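Peer 1: One structure, as structure tokens, below. Some questions next.
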Amino acid sequence: MLEYIDIDYIPNDNDIVCEYMIEPASGVDFQDACTNIAGESSIDTWSDILTLGHKLASTLKPHVFEIDEISGITRIAYPTALFEVESIPQILSSIAGNIFSMKLLNNLKLMDVSFPRDVINRYNGPKFGIKGIRKLLGVKKRPLCGTIVKPKVGLNPKDHAMVAYQAWTGGMDLVKDDENLTNQKFNPFKMRVIETLNMRDKAENESGERKMYMANITASSCSEMIERAEFVKEQSGEYVMIDIIPVGWTALQTLREESESMGLVLHGHRCMHAAITRNPVHGISMQVIAKLARMVGLDQLHIGTTIGKMHGGEDEVKTLLATCKSSPVAEDRKNHVLAQEWGGLKPVLAVASGGLHPAHVPDVMRIMGQDIVMQFGGGIHAHPMGTTAGAYAVRQAIDASMDGEELYESAKKHKELRIAFEKWGQPAACQCTKS
């Protein structure tokens with residue numbers, strides 16, 4: 001096997017740089033592990049091969065240019081010539097492929113990846129992004145708010161649409177299907193889309209606000225997924241959602257390409273991600289998934305909340321938020337973030353979702369700012385006065401936070417917010433600042 005360690009190497013503008021956390025198996029030297037990872041993920045194999053000549057190796061070999069045995073971190077620079085750079089599946093097959101199966105490793109985690117500008121510019125990125133979505137909804141400053149119809153499965157199309165209507169008339173901007181509602185017999189996809197969009201129109205007429213419905217187009221084939229997206233467009237829908245990990249990167253790239261002419265906002269639900277991301281020493285980080293999602297062109301992406309029911313701390317959520325919206329993303333060694341320029345790719349609108357209720361609003365805004373979607377499920381539908389009152393309580397909490405008003409003061413004026421606090425508990429004094 002070739003020697004790939006080159007501590008003096010400085011990555012150039014044509015390199016894809018990966019950061020890995022490595023735990024070698026017992027008796028395996030750390031540098032040997034790094035060399036084997038570099039070789040297996042690129043041009044080499046477990047034994048010397050006669051077909052690998054010097055010229056080929058000098059052109060395509062990667063460089064292990066940073067090693068920290070204490071933290072277990074190594075960084076490897078790969079020449080872009082190794083990759084079909086327009087294909088995320090091919091890139092992942094290399095930098096996150098067979099290396100995870102190597103016996104000489106106990107654990108391996110791909111912490112981050114940085115792409116050169118030339119690669120970034122080959123991707124579409126989001127069609128709408130933050131500004132486009134705000135323009136579509138006519139909401140200039142405050143966080144967008146939405147809900148997931150609950151129960152997530154079991155309702156028929158008319159009942160599903162009625163829950164959506166109640167949420168919209170209570171003040172929600174967005175209503176979406178949940179991740180496991182697609183085209184079941186009790187709630188067929190086409191009937192649900194027709195019924196729910198009809199109720200969207202009714203809610204818009206009554207409220208004077210724009211309202212959006214995200215139908216889950218996740219399907220068993222790319223062709224079916226595209227057909228469902230086209231049906232949403234035919235019914236005057238503006239949004240679709242998709243379960244990004246179950247469908248895979250080929251499906252996402254296909255959807256983004258096919259949806260360009262449809263003009264649909266793409267909402268990415270990250271269900272199943274934790275099977276890959278949650279283990280702190282093995283797998284692929286959510287940071288990598290977020291970068292790839294922005295490249296492909298998702299307009300919205302779930303990134304966690306730091307509070308609520310889902311795993312994910314404040315540092316991670318802030319890192320993901322920066323990846324979604326910043327240009328460029330600066331290097332942050334503490335959080336294993338490689339510098340990334342985004343060229344002309346629009347930012348992604350981050351979605352905070354998972355166990356939120358009205359009392360969480362000030363903290364979510366403090367941590368994540370205003371360019372987010374705050375998404376509530378049970379935190380609306382479990383309100384003792386019903387879904388509409390639950391939606392009112394959320395908007396009351398957002399309005400108070402935007403005005404720099406403590407929520408307990410707002411609750412004195414709004415019974416929906418007061419009753420939400422009686423059910424879920426009163427928030428600590430928030431640190432809101434007047435916008």
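By convention in this document, the chains of the structure tokens carry letters A, B, ... by their order, each chain's residues are numbered from 1, and ligands are numbered from 1 in the order they are shown.
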Would you kindly return, as JSON, numbers by chain, each protein, DNA or RNA residue with an atom no farther than 10 Å from any atom of A:Pro246, considering only C-alpha atoms and excluding same-chain residues fewer than 4 positions away?
Peer 2: {"A": [218, 219, 220, 242, 251, 269, 270, 271, 272, 273]}
Peer 1: Deliver the residues from the most recent selection as a file, using N, CA and C atoms, as a PDB file, in the first residue's frame.
Peer 2:
```pdb
ATOM      1  N   THR A 218     -42.973  11.239  -0.464  1.00  0.00           N
ATOM      2  CA  THR A 218     -42.097  10.072  -0.346  1.00  0.00           C
ATOM      3  C   THR A 218     -42.774   8.848  -0.959  1.00  0.00           C
ATOM      4  N   ALA A 219     -42.048   8.127  -1.806  1.00  0.00           N
ATOM      5  CA  ALA A 219     -42.660   7.013  -2.534  1.00  0.00           C
ATOM      6  C   ALA A 219     -41.625   5.920  -2.787  1.00  0.00           C
ATOM      7  N   SER A 220     -42.094   4.833  -3.397  1.00  0.00           N
ATOM      8  CA  SER A 220     -41.246   3.661  -3.623  1.00  0.00           C
ATOM      9  C   SER A 220     -40.388   3.783  -4.870  1.00  0.00           C
ATOM     10  N   ILE A 242     -40.333  15.660   1.696  1.00  0.00           N
ATOM     11  CA  ILE A 242     -39.795  14.335   1.392  1.00  0.00           C
ATOM     12  C   ILE A 242     -38.902  13.877   2.532  1.00  0.00           C
ATOM     13  N   ALA A 251     -32.666   9.976  -5.351  1.00  0.00           N
ATOM     14  CA  ALA A 251     -34.038  10.475  -5.414  1.00  0.00           C
ATOM     15  C   ALA A 251     -34.093  11.979  -5.181  1.00  0.00           C
ATOM     16  N   HIS A 269     -37.543  16.398   5.464  1.00  0.00           N
ATOM     17  CA  HIS A 269     -37.671  15.794   6.795  1.00  0.00           C
ATOM     18  C   HIS A 269     -36.507  14.840   6.980  1.00  0.00           C
ATOM     19  N   ARG A 270     -35.808  14.941   8.124  1.00  0.00           N
ATOM     20  CA  ARG A 270     -34.583  14.165   8.302  1.00  0.00           C
ATOM     21  C   ARG A 270     -34.801  12.851   9.050  1.00  0.00           C
ATOM     22  N   CYS A 271     -36.027  12.333   9.071  1.00  0.00           N
ATOM     23  CA  CYS A 271     -36.287  11.083   9.799  1.00  0.00           C
ATOM     24  C   CYS A 271     -35.307   9.995   9.352  1.00  0.00           C
ATOM     25  N   MET A 272     -34.861   9.198  10.301  1.00  0.00           N
ATOM     26  CA  MET A 272     -33.886   8.118  10.124  1.00  0.00           C
ATOM     27  C   MET A 272     -32.454   8.614  10.216  1.00  0.00           C
ATOM     28  N   HIS A 273     -32.248   9.926  10.243  1.00  0.00           N
ATOM     29  CA  HIS A 273     -30.874  10.428  10.282  1.00  0.00           C
ATOM     30  C   HIS A 273     -30.116   9.934  11.502  1.00  0.00           C
TER      31      HIS A 273
END
```
Peer 1: Could you pull the residues within 8 Å of A:Met199, counting only C-alpha atoms, minus those fewer than 2 positions along the same chain, as a list in words?
Peer 2: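 Within the cut-off, the hits are Ala161, Met162, Ala164, Tyr165, Glu195, Thr196, Leu197, Asp201, Lys202 and Ala203 of chain A.
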Peer 1: List every residue of stretch 31-123 of chain A that DSSP, applied to the backbone of this structure, assigns to strand (DSSP E), and report them as a PyMOL selection string.
Peer 2: chain A and resi 63-68+73-79+105-114
Peer 1: Output the selection as a CSV table (one decimal), in the first residue's frame - C-alpha atoms for each residue.
Peer 2:
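Dumped everything to selection-v8.csv:
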```
chain,number,residue,atom,x,y,z
A,63,HIS,CA,-3.1,13.3,1.3
A,64,VAL,CA,-3.5,12.7,5.1
A,65,PHE,CA,-2.3,16.2,6.1
A,66,GLU,CA,-3.5,16.4,9.7
A,67,ILE,CA,-3.3,13.8,12.5
A,68,ASP,CA,-4.3,14.2,16.2
A,73,ILE,CA,-9.2,13.4,14.4
A,74,THR,CA,-7.6,13.2,11.0
A,75,ARG,CA,-8.1,15.3,7.9
A,76,ILE,CA,-7.7,13.9,4.4
A,77,ALA,CA,-7.6,15.9,1.1
A,78,TYR,CA,-8.9,14.1,-2.0
A,79,PRO,CA,-8.3,15.5,-5.5
A,105,LEU,CA,-11.2,0.2,12.9
A,106,ASN,CA,-13.4,-0.1,16.0
A,107,ASN,CA,-15.2,3.1,15.1
A,108,LEU,CA,-15.1,5.7,12.4
A,109,LYS,CA,-17.2,8.9,12.0
A,110,LEU,CA,-17.2,11.3,9.0
A,111,MET,CA,-17.4,14.6,10.9
A,112,ASP,CA,-17.4,17.0,8.1
A,113,VAL,CA,-16.5,17.6,4.4
A,114,SER,CA,-15.6,20.7,2.5
```
Peer 1: Sort by chain and increasing residue number a table of all residues of stretch 371-417 of chain A within 10 Å of stretch 327-350 of chain A, each with its closest pair of atoms and their distance in Å to one decimal, counting only C-alpha atoms, and write it as a Markdown table.
Peer 2:
```
| residue | atom | partner | partner_atom | distance |
| --- | --- | --- | --- | --- |
| A:Asp371 | CA | A:Leu349 | CA | 6.8 |
| A:Ile372 | CA | A:Ala350 | CA | 5.1 |
| A:Val373 | CA | A:Ala350 | CA | 6.4 |
| A:Met374 | CA | A:Ala350 | CA | 8.9 |
```
Peer 1: With N, CA and C atoms retained, export the selected residues as a PDB file, in the first residue's frame.
Peer 2:
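Output saved as result-v1.pdb:
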```pdb
ATOM      1  N   ASP A 371     -34.905  33.657  11.367  1.00  0.00           N
ATOM      2  CA  ASP A 371     -34.995  33.012  10.058  1.00  0.00           C
ATOM      3  C   ASP A 371     -35.098  31.500  10.223  1.00  0.00           C
ATOM      4  N   ILE A 372     -36.211  31.085  10.808  1.00  0.00           N
ATOM      5  CA  ILE A 372     -36.460  29.664  11.060  1.00  0.00           C
ATOM      6  C   ILE A 372     -37.947  29.383  10.866  1.00  0.00           C
ATOM      7  N   VAL A 373     -38.263  28.100  10.768  1.00  0.00           N
ATOM      8  CA  VAL A 373     -39.635  27.629  10.909  1.00  0.00           C
ATOM      9  C   VAL A 373     -39.721  26.941  12.266  1.00  0.00           C
ATOM     10  N   MET A 374     -40.627  27.419  13.111  1.00  0.00           N
ATOM     11  CA  MET A 374     -40.929  26.710  14.353  1.00  0.00           C
ATOM     12  C   MET A 374     -42.145  25.830  14.103  1.00  0.00           C
TER      13      MET A 374
END
```
Peer 1: Tell me, as a count of residues only, which residues lie within 12 Å of A:Glu23, counting only C-alpha atoms; anything in the same chain fewer than 4 positions away does not count.
Peer 2: 28
Peer 1: Give the helix (DSSP H, G or I) residues of stretch 149-355 of chain A, as DSSP finds them on the backbone, and put them as a PyMOL selection string.
Peer 2: chain A and resi 157-169+189-207+222-234+244-247+249-259+274-277+286-296+314-325
Peer 1: Please produce a file of those selected residues containing C-alpha atoms, as an mmCIF file, in the first residue's frame.
Peer 2:
```cif
data_model
loop_
_atom_site.group_PDB
_atom_site.id
_atom_site.type_symbol
_atom_site.label_atom_id
_atom_site.label_comp_id
_atom_site.auth_asym_id
_atom_site.auth_seq_id
_atom_site.Cartn_x
_atom_site.Cartn_y
_atom_site.Cartn_z
ATOM 1 C CA PRO A 157 -58.646 12.961 4.094
ATOM 2 C CA LYS A 158 -61.555 15.138 5.271
ATOM 3 C CA ASP A 159 -60.577 14.918 8.937
ATOM 4 C CA HIS A 160 -56.948 15.578 8.048
ATOM 5 C CA ALA A 161 -57.963 18.669 6.084
ATOM 6 C CA MET A 162 -60.140 19.920 8.939
ATOM 7 C CA VAL A 163 -57.247 19.719 11.407
ATOM 8 C CA ALA A 164 -55.131 21.667 8.909
ATOM 9 C CA TYR A 165 -57.873 24.296 8.573
ATOM 10 C CA GLN A 166 -58.122 24.703 12.327
ATOM 11 C CA ALA A 167 -54.368 25.237 12.574
ATOM 12 C CA TRP A 168 -54.309 27.745 9.720
ATOM 13 C CA THR A 169 -57.195 29.792 11.101
ATOM 14 C CA PHE A 189 -52.520 10.768 -1.233
ATOM 15 C CA LYS A 190 -54.566 12.414 -4.002
ATOM 16 C CA MET A 191 -57.734 12.712 -1.949
ATOM 17 C CA ARG A 192 -55.767 14.195 0.949
ATOM 18 C CA VAL A 193 -54.085 16.775 -1.278
ATOM 19 C CA ILE A 194 -57.392 17.867 -2.832
ATOM 20 C CA GLU A 195 -59.234 18.130 0.486
ATOM 21 C CA THR A 196 -56.399 19.880 2.318
ATOM 22 C CA LEU A 197 -55.706 22.421 -0.405
ATOM 23 C CA ASN A 198 -59.416 23.234 -0.544
ATOM 24 C CA MET A 199 -59.302 23.984 3.172
ATOM 25 C CA ARG A 200 -56.138 26.013 2.639
ATOM 26 C CA ASP A 201 -58.055 28.235 0.231
ATOM 27 C CA LYS A 202 -60.844 28.633 2.755
ATOM 28 C CA ALA A 203 -58.382 29.536 5.524
ATOM 29 C CA GLU A 204 -56.647 32.083 3.287
ATOM 30 C CA ASN A 205 -59.937 33.763 2.426
ATOM 31 C CA GLU A 206 -60.952 33.985 6.058
ATOM 32 C CA SER A 207 -57.600 35.035 7.520
ATOM 33 C CA CYS A 222 -38.518 8.221 -8.309
ATOM 34 C CA SER A 223 -41.200 8.199 -11.008
ATOM 35 C CA GLU A 224 -43.993 7.919 -8.450
ATOM 36 C CA MET A 225 -42.421 10.644 -6.340
ATOM 37 C CA ILE A 226 -42.327 12.974 -9.353
ATOM 38 C CA GLU A 227 -45.912 12.112 -10.269
ATOM 39 C CA ARG A 228 -47.039 13.047 -6.767
ATOM 40 C CA ALA A 229 -45.153 16.338 -6.950
ATOM 41 C CA GLU A 230 -46.779 17.089 -10.306
ATOM 42 C CA PHE A 231 -50.203 16.337 -8.848
ATOM 43 C CA VAL A 232 -49.594 18.802 -6.005
ATOM 44 C CA LYS A 233 -48.659 21.448 -8.573
ATOM 45 C CA GLU A 234 -51.768 20.684 -10.657
ATOM 46 C CA ILE A 244 -34.541 12.580 2.729
ATOM 47 C CA ILE A 245 -32.676 9.635 4.276
ATOM 48 C CA PRO A 246 -35.171 6.849 3.414
ATOM 49 C CA VAL A 247 -35.449 7.944 -0.236
ATOM 50 C CA TRP A 249 -29.552 10.997 -2.567
ATOM 51 C CA THR A 250 -30.362 9.839 -6.077
ATOM 52 C CA ALA A 251 -34.038 10.475 -5.414
ATOM 53 C CA LEU A 252 -33.291 13.906 -3.969
ATOM 54 C CA GLN A 253 -31.141 14.935 -6.910
ATOM 55 C CA THR A 254 -33.842 13.671 -9.283
ATOM 56 C CA LEU A 255 -36.561 15.552 -7.422
ATOM 57 C CA ARG A 256 -34.595 18.802 -7.427
ATOM 58 C CA GLU A 257 -33.944 18.547 -11.154
ATOM 59 C CA GLU A 258 -37.527 17.655 -12.031
ATOM 60 C CA SER A 259 -39.069 20.219 -9.681
ATOM 61 C CA ALA A 274 -30.107 9.473 13.892
ATOM 62 C CA ALA A 275 -29.462 5.877 12.822
ATOM 63 C CA ILE A 276 -26.431 7.362 11.050
ATOM 64 C CA THR A 277 -25.625 10.501 13.020
ATOM 65 C CA MET A 286 -25.714 15.665 10.638
ATOM 66 C CA GLN A 287 -23.360 18.438 9.552
ATOM 67 C CA VAL A 288 -22.404 16.413 6.470
ATOM 68 C CA ILE A 289 -26.048 15.672 5.680
ATOM 69 C CA ALA A 290 -26.955 19.363 6.004
ATOM 70 C CA LYS A 291 -24.195 20.391 3.585
ATOM 71 C CA LEU A 292 -25.270 17.817 1.022
ATOM 72 C CA ALA A 293 -28.912 18.847 1.405
ATOM 73 C CA ARG A 294 -28.022 22.467 0.638
ATOM 74 C CA MET A 295 -26.012 21.411 -2.400
ATOM 75 C CA VAL A 296 -28.828 19.255 -3.748
ATOM 76 C CA GLU A 314 -27.197 23.702 21.346
ATOM 77 C CA ASP A 315 -23.709 23.629 19.793
ATOM 78 C CA GLU A 316 -24.811 21.136 17.152
ATOM 79 C CA VAL A 317 -27.981 23.042 16.296
ATOM 80 C CA LYS A 318 -26.101 26.342 15.991
ATOM 81 C CA THR A 319 -23.535 24.680 13.733
ATOM 82 C CA LEU A 320 -26.269 23.273 11.508
ATOM 83 C CA LEU A 321 -28.012 26.639 11.452
ATOM 84 C CA ALA A 322 -24.805 28.293 10.239
ATOM 85 C CA THR A 323 -24.431 25.650 7.535
ATOM 86 C CA CYS A 324 -27.984 26.255 6.352
ATOM 87 C CA LYS A 325 -27.895 30.034 6.205
#
```
Peer 1: Which is closest to A:Phe421 among A:Val149, A:Val119, A:Met21, A:Val394, if we use only C-alpha atoms?
Peer 2: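 Ranked by minimum distance to A:Phe421, first place goes to A:Val394.
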Peer 1: With only C-alpha atoms as the atoms that count, which of A:Gly125, A:Pro116, A:Pro62, A:Gly132 lies nearest to A:Gly297?
Peer 2: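 Closest to A:Gly297, using only C-alpha atoms: A:Gly125.
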Peer 1: Just give me the gap between atom CA of A:Ala411 and atom CA of A:Lys150 in Å, one decimal is fine.
Peer 2: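 Calculated distance between atom CA of A:Ala411 and atom CA of A:Lys150 is 25.2 Å.
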Peer 1: To one decimal place in Å, what is the distance between atom CA of A:Asp173 and atom CA of A:Leu356?
Peer 2: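 Taking atom CA of A:Asp173 and atom CA of A:Leu356, their separation equals 16.1 Å.
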Peer 1: Which distance in Å separates atom CA of A:Phe83 and atom CA of A:Ile16, to one decimal?
Peer 2: 9.5 Å
Peer 1: Would you mind listing what lies within 9 Å of A:Ser94 as an MDAnalysis selection string, with only C-alpha atoms counted and same-chain residues fewer than 5 positions away left out?
Peer 2: chainID A and resid 40:42 82:83 89 99
Peer 1: Those selected residues, please, written with N, CA and C atoms and delivered as an mmCIF file, in the first residue's frame.
Peer 2:
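Okay, result34.cif is ready:
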```cif
data_model
loop_
_atom_site.group_PDB
_atom_site.id
_atom_site.type_symbol
_atom_site.label_atom_id
_atom_site.label_comp_id
_atom_site.auth_asym_id
_atom_site.auth_seq_id
_atom_site.Cartn_x
_atom_site.Cartn_y
_atom_site.Cartn_z
ATOM 1 N N GLU A 40 -8.222 3.011 0.963
ATOM 2 C CA GLU A 40 -9.469 2.300 0.688
ATOM 3 C C GLU A 40 -10.537 3.223 0.128
ATOM 4 N N SER A 41 -10.518 4.484 0.524
ATOM 5 C CA SER A 41 -11.541 5.422 0.056
ATOM 6 C C SER A 41 -11.189 6.033 -1.301
ATOM 7 N N SER A 42 -10.051 5.633 -1.861
ATOM 8 C CA SER A 42 -9.645 6.237 -3.129
ATOM 9 C C SER A 42 -9.123 5.195 -4.109
ATOM 10 N N LEU A 82 -10.895 12.274 -8.494
ATOM 11 C CA LEU A 82 -11.334 10.959 -8.017
ATOM 12 C C LEU A 82 -12.843 10.755 -8.139
ATOM 13 N N PHE A 83 -13.585 11.830 -8.307
ATOM 14 C CA PHE A 83 -15.027 11.764 -8.129
ATOM 15 C C PHE A 83 -15.805 12.130 -9.393
ATOM 16 N N PRO A 89 -24.243 10.341 -4.567
ATOM 17 C CA PRO A 89 -24.062 8.919 -4.256
ATOM 18 C C PRO A 89 -22.645 8.427 -4.519
ATOM 19 N N ILE A 99 -14.816 2.051 3.890
ATOM 20 C CA ILE A 99 -13.976 2.346 5.054
ATOM 21 C C ILE A 99 -14.696 2.047 6.374
#
```
